[in-house]
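Have a look at run.tsv below; it lists TSV, C-alpha atoms.
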chain	number	residue	atom	x	y	z
E	17	MET	CA	19.24	19.52	4.37
E	18	LYS	CA	18.51	18.87	8.03
E	19	GLY	CA	16.33	21.54	9.60
E	20	GLN	CA	14.24	21.96	6.44
E	21	LYS	CA	10.50	21.87	6.94
E	22	LEU	CA	8.63	19.13	5.09
E	23	ALA	CA	4.90	18.65	4.75
E	24	PHE	CA	3.42	15.23	4.02
E	25	PHE	CA	-0.13	15.48	2.65
E	26	MET	CA	-2.69	12.66	2.63
E	27	ARG	CA	-6.40	12.13	3.06
E	28	TRP	CA	-6.25	10.16	6.30
E	29	ALA	CA	-4.42	7.35	8.10
E	30	GLN	CA	-6.75	4.43	7.49
E	31	GLY	CA	-5.46	0.91	6.90
E	32	GLY	CA	-4.02	1.22	3.41
E	33	GLY	CA	-0.57	0.49	2.06
E	34	ALA	CA	0.06	4.04	0.83
E	35	GLU	CA	-0.70	5.45	4.27
E	36	ARG	CA	1.73	3.07	5.94
E	37	VAL	CA	4.46	3.91	3.44
E	38	MET	CA	4.05	7.67	3.81
E	39	ILE	CA	4.06	7.52	7.60
E	40	SER	CA	7.17	5.35	7.56
E	41	LEU	CA	8.92	7.83	5.26
E	42	ALA	CA	7.84	10.83	7.36
E	43	ASN	CA	9.13	9.13	10.50
E	44	GLN	CA	12.54	8.63	8.86
E	45	PHE	CA	12.79	12.31	7.98
E	46	ALA	CA	11.84	13.29	11.53
E	47	GLU	CA	14.47	10.94	12.93
E	48	ALA	CA	17.06	12.45	10.59
E	49	GLY	CA	16.48	15.95	11.98
E	50	TYR	CA	14.01	17.44	9.53
E	51	ILE	CA	11.03	19.48	10.74
E	52	VAL	CA	8.04	17.45	9.61
E	53	ASP	CA	4.32	18.20	9.47
E	54	PHE	CA	1.82	15.53	8.51
E	55	VAL	CA	-1.21	17.23	7.00
E	56	PHE	CA	-4.43	15.24	6.73
E	57	VAL	CA	-7.70	16.13	5.05
E	58	ASN	CA	-9.16	14.32	8.08
E	59	ALA	CA	-6.76	13.19	10.80
E	60	GLN	CA	-8.37	9.85	11.50
E	61	GLY	CA	-7.37	6.22	11.15
E	62	LYS	CA	-5.56	3.42	12.91
E	63	PHE	CA	-2.11	4.49	11.70
E	64	ILE	CA	-2.18	7.88	13.44
E	65	GLN	CA	-0.64	6.18	16.45
E	66	ASP	CA	2.38	5.14	14.35
E	67	ILE	CA	3.43	8.72	13.60
E	68	ASP	CA	6.64	9.82	15.31
E	69	PRO	CA	5.86	12.18	18.25
E	70	ARG	CA	8.32	14.70	16.78
E	71	ILE	CA	5.95	15.18	13.85
E	72	GLN	CA	3.23	17.80	14.09
E	73	ILE	CA	-0.15	16.46	12.94
E	74	ILE	CA	-2.25	19.02	11.07
E	75	ASP	CA	-5.97	18.23	10.70
E	76	LEU	CA	-7.58	20.30	7.93
E	77	LYS	CA	-10.98	18.98	9.04
E	78	ALA	CA	-12.31	19.25	5.51
E	79	HIS	CA	-15.72	17.60	5.11
E	80	ARG	CA	-14.67	16.22	1.73
E	81	ALA	CA	-11.30	15.74	0.06
E	82	ALA	CA	-12.50	17.95	-2.80
E	83	PHE	CA	-12.64	20.90	-0.40
E	84	SER	CA	-9.11	20.42	0.87
E	85	SER	CA	-7.20	22.56	-1.67
E	86	TRP	CA	-8.23	25.84	-0.07
E	87	HIS	CA	-7.51	24.55	3.44
E	88	PHE	CA	-4.13	23.22	2.31
E	89	TYR	CA	-3.34	26.52	0.59
E	90	ARG	CA	-3.96	28.36	3.86
E	91	TYR	CA	-1.63	25.90	5.60
E	92	LEU	CA	1.08	26.56	3.00
E	93	ARG	CA	0.73	30.34	3.36
E	94	LYS	CA	1.10	30.10	7.14
E	95	GLU	CA	3.78	27.42	7.54
E	96	GLN	CA	5.73	27.79	4.27
E	97	PRO	CA	7.30	24.30	4.14
E	98	HIS	CA	10.31	23.83	1.89
E	99	THR	CA	8.89	20.65	0.31
E	100	VAL	CA	5.49	18.96	0.04
E	101	ILE	CA	5.24	15.20	-0.47
E	102	SER	CA	1.75	13.95	-1.32
E	103	ALA	CA	0.29	10.55	-2.20
E	104	LEU	CA	-2.60	9.20	-4.30
E	105	ASN	CA	-3.75	10.92	-7.45
E	106	TYR	CA	-6.70	12.98	-6.23
E	107	ILE	CA	-4.75	14.27	-3.22
E	108	ASN	CA	-1.85	15.02	-5.55
E	109	ILE	CA	-4.21	17.12	-7.67
E	110	PHE	CA	-5.34	19.15	-4.65
E	111	ALA	CA	-1.72	19.61	-3.54
E	112	ILE	CA	-0.71	20.94	-6.96
E	113	LEU	CA	-3.69	23.31	-7.11
E	114	ALA	CA	-2.90	24.69	-3.66
E	115	THR	CA	0.76	25.16	-4.59
E	116	LEU	CA	-0.13	26.98	-7.81
E	117	LEU	CA	-2.21	29.45	-5.79
E	118	MET	CA	0.83	30.49	-3.78
E	119	PRO	CA	1.88	34.02	-4.84
E	120	SER	CA	5.46	33.42	-3.70
E	121	HIS	CA	7.58	30.99	-1.66
E	122	LYS	CA	6.12	28.08	-3.55
E	123	PRO	CA	7.26	24.78	-1.99
E	124	LYS	CA	8.97	22.08	-3.97
E	125	LEU	CA	6.30	19.50	-4.78
E	126	ILE	CA	6.83	15.72	-4.92
E	127	VAL	CA	3.76	13.70	-5.91
E	128	THR	CA	3.73	9.94	-5.48
E	129	GLU	CA	1.69	7.29	-7.28
E	130	HIS	CA	0.97	4.02	-5.49
E	131	GLY	CA	-1.47	2.40	-7.91
E	132	THR	CA	-2.21	1.99	-11.61
E	133	LEU	CA	-4.58	4.47	-13.20
E	134	GLY	CA	-5.13	2.17	-16.16
E	135	ALA	CA	-6.69	-0.47	-13.92
E	136	THR	CA	-9.19	1.91	-12.33
E	137	SER	CA	-9.96	4.65	-14.87
E	138	GLN	CA	-12.74	2.71	-16.59
E	139	ASN	CA	-14.60	2.34	-13.28
E	140	LEU	CA	-14.49	6.04	-12.37
E	141	LYS	CA	-17.91	7.63	-11.94
E	142	GLY	CA	-19.25	11.17	-11.72
E	143	ARG	CA	-16.67	13.86	-11.03
E	144	ALA	CA	-14.01	11.19	-10.51
E	145	ARG	CA	-13.92	10.75	-14.29
E	146	LEU	CA	-12.15	14.12	-14.43
E	147	VAL	CA	-9.17	12.77	-12.48
E	148	PRO	CA	-7.11	11.43	-15.44
E	149	LYS	CA	-7.52	14.68	-17.38
E	150	LEU	CA	-6.66	16.79	-14.32
E	151	MET	CA	-3.58	14.63	-13.78
E	152	GLN	CA	-2.55	15.20	-17.39
E	153	TRP	CA	-2.87	18.96	-16.98
E	154	LEU	CA	-1.41	19.33	-13.50
E	155	TYR	CA	1.29	16.71	-12.96
E	156	PRO	CA	3.82	18.61	-15.15
E	157	PHE	CA	3.74	21.37	-12.50
E	158	ALA	CA	5.19	19.02	-9.86
E	159	GLN	CA	8.97	19.12	-9.50
E	160	HIS	CA	9.10	15.34	-9.14
E	161	VAL	CA	6.64	12.55	-9.99
E	162	ILE	CA	7.42	9.32	-8.13
E	163	ALA	CA	6.03	5.86	-8.87
E	164	VAL	CA	6.42	2.97	-6.44
E	165	SER	CA	7.27	0.49	-9.20
E	166	ASP	CA	8.42	0.53	-12.81
E	167	GLY	CA	5.04	-0.90	-13.79
E	168	VAL	CA	3.20	1.98	-12.13
E	169	ALA	CA	5.55	4.44	-13.83
E	170	ASP	CA	4.97	2.87	-17.26
E	171	ASP	CA	1.20	2.89	-16.74
E	172	LEU	CA	1.18	6.52	-15.58
E	173	ALA	CA	3.23	7.66	-18.56
E	174	GLN	CA	0.81	5.93	-20.92
E	175	GLN	CA	-2.38	7.09	-19.20
E	176	ILE	CA	-1.61	10.81	-18.88
E	177	ALA	CA	0.92	11.25	-21.71
E	178	LEU	CA	3.67	12.24	-19.31
E	179	PRO	CA	7.18	11.52	-20.66
E	180	ARG	CA	8.43	8.32	-19.04
E	181	GLN	CA	11.80	9.91	-18.28
E	182	ASN	CA	9.96	12.46	-16.10
E	183	ILE	CA	8.74	9.71	-13.75
E	184	MET	CA	11.14	8.26	-11.19
E	185	THR	CA	10.70	4.88	-9.50
E	186	ILE	CA	11.37	4.69	-5.77
E	187	TYR	CA	10.33	1.45	-4.12
E	188	ASN	CA	8.31	1.60	-0.92
E	189	PRO	CA	10.48	1.72	2.22
E	190	ILE	CA	10.04	-1.29	4.47
E	191	ASN	CA	11.25	-1.41	8.07
E	192	PHE	CA	12.57	-4.96	8.24
E	193	THR	CA	14.03	-4.35	11.70
E	194	SER	CA	10.55	-3.60	13.01
E	195	ILE	CA	9.14	-6.66	11.25
E	196	GLU	CA	11.76	-8.85	12.93
E	197	GLN	CA	10.69	-7.50	16.33
E	198	LEU	CA	6.95	-7.77	15.70
E	199	LYS	CA	6.82	-11.16	14.02
E	200	VAL	CA	7.93	-13.01	17.16
E	201	GLN	CA	4.92	-11.86	19.18
E	202	PRO	CA	2.61	-14.77	20.06
E	203	LEU	CA	-0.56	-15.37	18.09
E	204	GLN	CA	-3.60	-14.83	20.26
E	205	HIS	CA	-5.63	-17.44	18.42
E	206	PRO	CA	-6.01	-21.20	18.88
E	207	TRP	CA	-5.32	-21.90	15.20
E	208	GLY	CA	-1.77	-20.75	15.72
E	209	GLU	CA	-1.03	-23.73	17.95
E	210	GLN	CA	-2.75	-26.40	15.86
E	211	ASN	CA	-0.94	-28.45	13.24
E	212	ILE	CA	-3.30	-27.62	10.40
E	213	PRO	CA	-2.02	-25.74	7.32
E	214	ILE	CA	-3.02	-22.07	7.11
E	215	VAL	CA	-3.59	-20.01	3.97
E	216	LEU	CA	-3.30	-16.27	4.63
E	217	GLY	CA	-4.57	-13.18	2.82
E	218	VAL	CA	-4.02	-9.60	3.98
E	219	GLY	CA	-5.50	-6.39	2.61
E	220	ARG	CA	-8.44	-4.04	2.47
E	221	LEU	CA	-11.73	-5.81	1.79
E	222	VAL	CA	-12.39	-3.96	-1.44
E	223	GLU	CA	-13.22	-5.09	-4.96
E	224	VAL	CA	-9.76	-4.69	-6.46
E	225	LYS	CA	-8.25	-7.11	-3.91
E	226	ASN	CA	-10.55	-9.88	-5.23
E	227	PHE	CA	-10.82	-11.90	-2.02
E	228	PRO	CA	-13.70	-13.93	-3.53
E	229	LEU	CA	-11.07	-15.52	-5.77
E	230	LEU	CA	-9.02	-16.52	-2.72
E	231	ILE	CA	-12.07	-17.90	-0.90
E	232	GLN	CA	-13.31	-19.87	-3.91
E	233	ALA	CA	-9.86	-21.36	-4.51
E	234	PHE	CA	-9.49	-22.24	-0.84
E	235	LEU	CA	-12.84	-24.01	-0.78
E	236	GLN	CA	-11.71	-26.27	-3.62
E	237	VAL	CA	-8.39	-27.00	-1.92
E	238	ARG	CA	-10.20	-27.72	1.34
E	239	LYS	CA	-12.13	-30.50	-0.39
E	240	THR	CA	-8.87	-32.38	-0.89
E	241	MET	CA	-6.97	-31.70	2.36
E	242	PRO	CA	-7.37	-30.20	5.85
E	243	CYS	CA	-6.47	-26.49	5.87
E	244	ARG	CA	-7.74	-23.15	7.08
E	245	LEU	CA	-8.04	-19.66	5.60
E	246	VAL	CA	-7.31	-16.45	7.52
E	247	ILE	CA	-8.00	-13.03	5.99
E	248	LEU	CA	-6.78	-9.90	7.79
E	249	GLY	CA	-8.38	-6.61	6.79
E	250	GLU	CA	-11.48	-4.49	6.81
E	251	GLY	CA	-13.49	-2.82	4.08
E	252	GLU	CA	-16.70	-2.30	2.21
E	253	LYS	CA	-16.87	-5.89	0.91
E	254	ARG	CA	-16.96	-7.54	4.35
E	255	ASN	CA	-20.67	-8.41	4.25
E	256	GLU	CA	-20.35	-9.86	0.76
E	257	LEU	CA	-17.38	-12.00	1.81
E	258	GLU	CA	-19.12	-13.16	4.97
E	259	GLN	CA	-22.10	-14.31	2.90
E	260	LEU	CA	-19.77	-16.22	0.58
E	261	VAL	CA	-18.13	-17.90	3.57
E	262	GLN	CA	-21.38	-18.80	5.33
E	263	ALA	CA	-22.82	-20.31	2.16
E	264	SER	CA	-19.99	-22.86	2.06
E	265	VAL	CA	-19.73	-26.18	3.89
E	266	TYR	CA	-16.31	-25.17	5.24
E	267	ALA	CA	-17.33	-21.93	6.94
E	268	GLU	CA	-15.73	-23.06	10.21
E	269	ASP	CA	-12.35	-23.23	8.46
E	270	ILE	CA	-12.44	-19.61	7.29
E	271	CYS	CA	-11.91	-16.59	9.54
E	272	LEU	CA	-12.27	-12.94	8.52
E	273	MET	CA	-10.34	-11.50	11.44
E	274	GLY	CA	-10.57	-7.82	10.61
E	275	PHE	CA	-7.76	-5.28	10.62
E	276	SER	CA	-4.59	-6.31	12.45
E	277	GLU	CA	-1.98	-3.83	13.62
E	278	ASN	CA	0.55	-6.66	13.58
E	279	PRO	CA	-0.04	-9.20	10.79
E	280	TYR	CA	3.51	-10.55	10.93
E	281	PRO	CA	3.00	-13.44	13.39
E	282	TRP	CA	0.33	-14.72	11.01
E	283	MET	CA	2.76	-14.42	8.10
E	284	VAL	CA	5.29	-16.48	10.05
E	285	ARG	CA	2.64	-19.10	10.87
E	286	ALA	CA	1.11	-19.23	7.37
E	287	ASP	CA	1.96	-22.18	5.16
E	288	VAL	CA	1.17	-20.03	2.12
E	289	PHE	CA	0.46	-16.33	1.66
E	290	VAL	CA	-1.83	-15.42	-1.24
E	291	LEU	CA	-2.27	-12.08	-3.01
E	292	SER	CA	-5.42	-12.36	-5.15
E	293	SER	CA	-5.68	-8.79	-6.48
E	294	ASP	CA	-6.90	-7.67	-9.90
E	295	SER	CA	-4.40	-4.80	-9.87
E	296	GLU	CA	-1.69	-3.40	-7.61
E	297	GLY	CA	1.01	-0.73	-7.54
E	298	LEU	CA	3.71	-2.23	-5.37
E	299	PRO	CA	2.05	-4.62	-2.88
E	300	THR	CA	4.21	-4.11	0.20
E	301	VAL	CA	2.37	-6.90	1.97
E	302	LEU	CA	3.84	-9.40	-0.51
E	303	ILE	CA	7.37	-8.30	0.39
E	304	GLU	CA	6.55	-8.43	4.11
E	305	ALA	CA	5.24	-11.98	3.78
E	306	ILE	CA	8.46	-13.06	2.05
E	307	ALA	CA	10.47	-11.37	4.82
E	308	CYS	CA	8.54	-13.45	7.36
E	309	GLY	CA	9.47	-16.68	5.58
E	310	ALA	CA	6.13	-17.40	3.95
E	311	SER	CA	5.80	-19.16	0.62
E	312	VAL	CA	3.84	-16.80	-1.62
E	313	ILE	CA	1.41	-16.93	-4.50
E	314	SER	CA	0.26	-13.84	-6.36
E	315	THR	CA	-1.94	-13.07	-9.29
E	316	ASP	CA	0.15	-11.77	-12.16
E	317	CYS	CA	-1.75	-8.51	-12.01
E	318	PRO	CA	-0.52	-5.14	-13.20
E	319	HIS	CA	1.92	-4.03	-12.08
E	320	GLY	CA	3.84	-4.89	-8.92
E	321	PRO	CA	3.86	-8.66	-8.24
E	322	ARG	CA	5.92	-9.80	-11.25
E	323	GLU	CA	8.41	-7.02	-10.53
E	324	ILE	CA	8.70	-8.07	-6.87
E	325	LEU	CA	8.82	-11.82	-7.50
E	326	GLN	CA	11.24	-11.35	-10.41
E	327	ASP	CA	9.21	-13.31	-12.93
E	328	GLY	CA	8.44	-16.06	-10.42
E	329	ALA	CA	11.88	-16.59	-8.89
E	330	TYR	CA	10.59	-15.75	-5.39
E	331	GLY	CA	7.02	-17.00	-5.60
E	332	ILE	CA	4.34	-18.39	-7.87
E	333	LEU	CA	2.49	-16.13	-10.32
E	334	VAL	CA	-0.96	-17.16	-11.55
E	335	PRO	CA	-3.27	-15.46	-14.06
E	336	VAL	CA	-5.67	-12.83	-12.72
E	337	ASN	CA	-9.04	-14.21	-11.59
E	338	ASP	CA	-8.15	-17.79	-12.53
E	339	VAL	CA	-9.56	-20.01	-9.79
E	340	GLN	CA	-8.20	-23.29	-11.13
E	341	GLN	CA	-4.64	-22.01	-11.50
E	342	MET	CA	-4.85	-20.60	-7.97
E	343	VAL	CA	-6.11	-23.95	-6.66
E	344	GLN	CA	-3.22	-25.77	-8.34
E	345	ALA	CA	-0.62	-23.34	-6.95
E	346	MET	CA	-2.03	-23.51	-3.41
E	347	THR	CA	-2.17	-27.31	-3.55
E	348	ASN	CA	1.43	-27.56	-4.77
E	349	ILE	CA	2.79	-25.37	-1.96
E	350	LEU	CA	0.73	-27.00	0.78
E	351	GLN	CA	1.97	-30.41	-0.35
E	352	GLN	CA	5.60	-29.31	-0.78
E	353	PRO	CA	6.64	-25.97	0.80
E	354	THR	CA	9.52	-24.22	-1.01
E	355	GLN	CA	10.22	-20.87	0.67
E	356	SER	CA	12.85	-22.21	3.08
E	357	GLN	CA	14.99	-23.26	0.10
E	358	ILE	CA	15.17	-19.75	-1.37
E	359	ASN	CA	17.68	-17.04	-0.42
E	360	VAL	CA	15.46	-13.94	-0.25
E	361	GLN	CA	18.08	-11.46	1.00
E	362	PRO	CA	18.97	-10.12	-2.48
E	363	LEU	CA	15.28	-9.36	-2.99
E	364	LEU	CA	14.73	-7.73	0.41
E	365	GLU	CA	17.79	-5.52	-0.02
E	366	LYS	CA	16.00	-3.63	-2.79
E	367	PHE	CA	13.28	-2.52	-0.37
E	368	GLN	CA	15.38	-1.45	2.60
E	369	GLN	CA	14.17	1.73	4.32
E	370	LYS	CA	17.55	3.38	3.93
E	371	ARG	CA	17.49	3.10	0.15
E	372	ALA	CA	14.10	4.78	-0.22
E	373	PHE	CA	14.89	7.48	2.32
E	374	GLN	CA	18.16	8.39	0.60
E	375	ALA	CA	16.39	8.54	-2.78
E	376	TYR	CA	13.79	10.98	-1.45
E	377	GLN	CA	16.41	12.95	0.46
E	378	GLN	CA	18.35	13.58	-2.75
E	379	LEU	CA	15.24	15.16	-4.29
E	380	LEU	CA	15.12	17.83	-1.58
E	381	ASP	CA	18.44	19.44	-2.54

Re-express the file's structure as structure tokens.
Amino acid sequence: MKGQKLAFFMRWAQGGGAERVMISLANQFAEAGYIVDFVFVNAQGKFIQDIDPRIQIIDLKAHRAAFSSWHFYRYLRKEQPHTVISALNYINIFAILATLLMPSHKPKLIVTEHGTLGATSQNLKGRARLVPKLMQWLYPFAQHVIAVSDGVADDLAQQIALPRQNIMTIYNPINFTSIEQLKVQPLQHPWGEQNIPIVLGVGRLVEVKNFPLLIQAFLQVRKTMPCRLVILGEGEKRNELEQLVQASVYAEDICLMGFSENPYPWMVRADVFVLSSDSEGLPTVLIEAIACGASVISTDCPHGPREILQDGAYGILVPVNDVQQMVQAMTNILQQPTQSQINVQPLLEKFQQKRAFQAYQQLLD
């Protein structure tokens, strides 16, 4: 109902897919006439500037995410939003705890999962190892548990013994109108004007994205044909990736360009877009690349790519961490591009902003 107060709760607005999705969703609710607060554990990050000016930004200024439950509880007591929508498992846990502390006027709570717990639980260390058990105890207290893909929903049900019918899939909302406007902006880089094939990767430079696989595969392809590799993103693995690049004989053909607020002109220019991840939830960047006309290759990682590409109908799937299969797929596309021959509109229709917004809106009633 328009005029209801909603609170979106996240850690920050750094350059991750979940942050972009949540801000996009919050903006749609603000545009539709809802009163929206965006509550951050720490209000920092490049995507802050993308938040609709009608949205009030609340900075809890918590030194650590683990301390945010009390701060968020105080926010709930003061502002009393009708509904809370949170994202990422540890933030979801803090949101549930804060809601349970409320003596009355408890808000409706919608928690959203953007990744697969099964792919990360074995690598959890210290207190983080408590997260799966806390999820198992606390998620039943949420009114709605949302997964961004059927694969994420299946994984979550298995990992925390939550009945699968209690988990709803809502695909990430994507603003294709905005992409159409942004993708025509000129590339401020000389490679954009040169007639040399470009391989593109986009994402946070973290272990799960497995950019070493992309770099190693590119280096083998480069031995057989002229081409260049562009990677857009920042993260903790930058130094490691730079060392890998500099150790190769084709370092001048690889560019780690850092975070880009507008990756779409590169997606238009790319001859092939590659997702090299070990695991994903619903990789929005893969859908965006398809919307920009790029031919795509993705590892067949759990759980989003196969669901998006519909078993390979809209792009090539290769085994996880298989350099030789990635080399073969990249070589095939660079020698014979295929994307222009595929009608992608039926695929893109599934991820329209309006669909996701309406699905969330129905949960508020």

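For Leu104 of chain E, the residues within 8 Å (counting all atoms listed in the file, excluding itself and residues fewer than 5 positions away along the chain) are Met26, Ala34, Val127, Thr128, Glu129, His130 and Gly131 of chain E.
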
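Shortest atom-to-atom contact with Ile214 of chain E among E:Met38, E:Cys243, E:Leu257, E:Ile176: E:Cys243, counting only C-alpha atoms.
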
Given the choices E:Met273, E:Ala135, E:Ala59, E:Val168, which gets closest to His205 of chain E if the distance is worked out from all atoms listed in the file? E:Met273

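Interatomic distance, atom CA of Ile212 of chain E against atom CA of Pro242 of chain E: 6.6 Å.
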
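Taking atom CA of Gly331 of chain E and atom CA of Ile303 of chain E as the two end points, the separation is 10.6 Å.
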
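The shell of residues at most 7 Å from segment 297-302 of chain E, with all atoms listed in the file counted and near chain neighbours (fewer than 2 positions) removed, consists of Gly33, His130, Gly131, Thr132, Val164, Ser165, Val168, Glu304, Ala305, Ile306, His319, Gly320 and Pro321 of chain E.
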
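Closest approach to Thr240 of chain E among E:Asp68, E:Ser194, E:Phe54, E:Gln344 is made by E:Gln344 (distances from all atoms listed in the file).
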
Would you list the contacts of Asn43 of chain E as a PyMOL selection string, taking every protein, DNA or RNA residue within 10 Å and counting only C-alpha atoms, but skipping same-chain residues closer than 2 positions in sequence? chain E and resi 37-41+45-48+50+52+54+66-71

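Using all atoms listed in the file for every distance, the candidate list E:Met283, E:Leu150, E:Leu230, E:Ile112 yields E:Leu230 as the residue closest to Asp338 of chain E.
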
As an exercise, work out the distance from atom CA of Ala103 of chain E to atom CA of Gln369 of chain E in Å and give it to one decimal place. 17.7 Å

Taking (15.9, 2.5, -3.8) in the file's own coordinates, collect the residues within 12 Å, counting all atoms listed in the file, and hand them back as a list in words. Ile162, Ala163, Val164, Ser165, Asp166, Met184, Thr185, Ile186, Tyr187, Asn188, Pro189, Ile190, Leu363, Leu364, Glu365, Lys366, Phe367, Gln368, Gln369, Lys370, Arg371, Ala372, Phe373, Gln374, Ala375, Tyr376, Gln377 and Gln378 of chain E

From the list E:Asn278, E:Ile231, E:Ala263, E:Val224, the nearest residue to Pro202 of chain E using only C-alpha atoms is E:Asn278

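Minimum atom-to-atom distances from E:Lys62, E:Arg322, E:Arg285, E:Lys18 to Gln210 of chain E were compared using all atoms listed in the file, and the lowest value belongs to E:Arg285.
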
In file coordinates, which residues lie within 12 Å of (-1.8, -18.7, -15.8) using only C-alpha atoms, given as a PDB file with C-alpha atoms, in the coordinates of the input?
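File point-v9.pdb, as written:
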ATOM      1  CA  ILE E 313       1.410 -16.930  -4.500  1.00  0.00           C
ATOM      2  CA  SER E 314       0.260 -13.840  -6.360  1.00  0.00           C
ATOM      3  CA  THR E 315      -1.940 -13.070  -9.290  1.00  0.00           C
ATOM      4  CA  ASP E 316       0.150 -11.770 -12.160  1.00  0.00           C
ATOM      5  CA  CYS E 317      -1.750  -8.510 -12.010  1.00  0.00           C
ATOM      6  CA  GLY E 328       8.440 -16.060 -10.420  1.00  0.00           C
ATOM      7  CA  ILE E 332       4.340 -18.390  -7.870  1.00  0.00           C
ATOM      8  CA  LEU E 333       2.490 -16.130 -10.320  1.00  0.00           C
ATOM      9  CA  VAL E 334      -0.960 -17.160 -11.550  1.00  0.00           C
ATOM     10  CA  PRO E 335      -3.270 -15.460 -14.060  1.00  0.00           C
ATOM     11  CA  VAL E 336      -5.670 -12.830 -12.720  1.00  0.00           C
ATOM     12  CA  ASN E 337      -9.040 -14.210 -11.590  1.00  0.00           C
ATOM     13  CA  ASP E 338      -8.150 -17.790 -12.530  1.00  0.00           C
ATOM     14  CA  VAL E 339      -9.560 -20.010  -9.790  1.00  0.00           C
ATOM     15  CA  GLN E 340      -8.200 -23.290 -11.130  1.00  0.00           C
ATOM     16  CA  GLN E 341      -4.640 -22.010 -11.500  1.00  0.00           C
ATOM     17  CA  MET E 342      -4.850 -20.600  -7.970  1.00  0.00           C
ATOM     18  CA  VAL E 343      -6.110 -23.950  -6.660  1.00  0.00           C
ATOM     19  CA  GLN E 344      -3.220 -25.770  -8.340  1.00  0.00           C
ATOM     20  CA  ALA E 345      -0.620 -23.340  -6.950  1.00  0.00           C
TER      21      ALA E 345
END

Polymer residues at most 7 Å from Pro97 of chain E, only C-alpha atoms, same-chain spacing of 4 or more positions, as JSON, numbers by chain: {"E": [21, 22, 23, 92, 123]}

I'd like the box whose edges run along x, y and z of the file and which contains every listed atom of segment 205-220 of chain E, padded by 8 Å per side; could you state its centre and edge lengths in Å, one decimal, as lines of an AutoDock Vina configuration file?
center_x = -4.7
center_y = -16.2
center_z = 10.7
size_x = 23.5
size_y = 40.4
size_z = 32.4

Neighbouring residues of Arg180 of chain E were defined as those with any atom within 10 Å, considering all atoms listed in the file; residues of the same chain fewer than 5 positions away were excluded. Please report them as a PDB file with C-alpha atoms, keeping the file's coordinate frame.
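Output saved as part_30.pdb:
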ATOM      1  CA  ASP E 166       8.420   0.530 -12.810  1.00  0.00           C
ATOM      2  CA  ALA E 169       5.550   4.440 -13.830  1.00  0.00           C
ATOM      3  CA  ASP E 170       4.970   2.870 -17.260  1.00  0.00           C
ATOM      4  CA  ASP E 171       1.200   2.890 -16.740  1.00  0.00           C
ATOM      5  CA  LEU E 172       1.180   6.520 -15.580  1.00  0.00           C
ATOM      6  CA  ALA E 173       3.230   7.660 -18.560  1.00  0.00           C
ATOM      7  CA  GLN E 174       0.810   5.930 -20.920  1.00  0.00           C
TER       8      GLN E 174
END
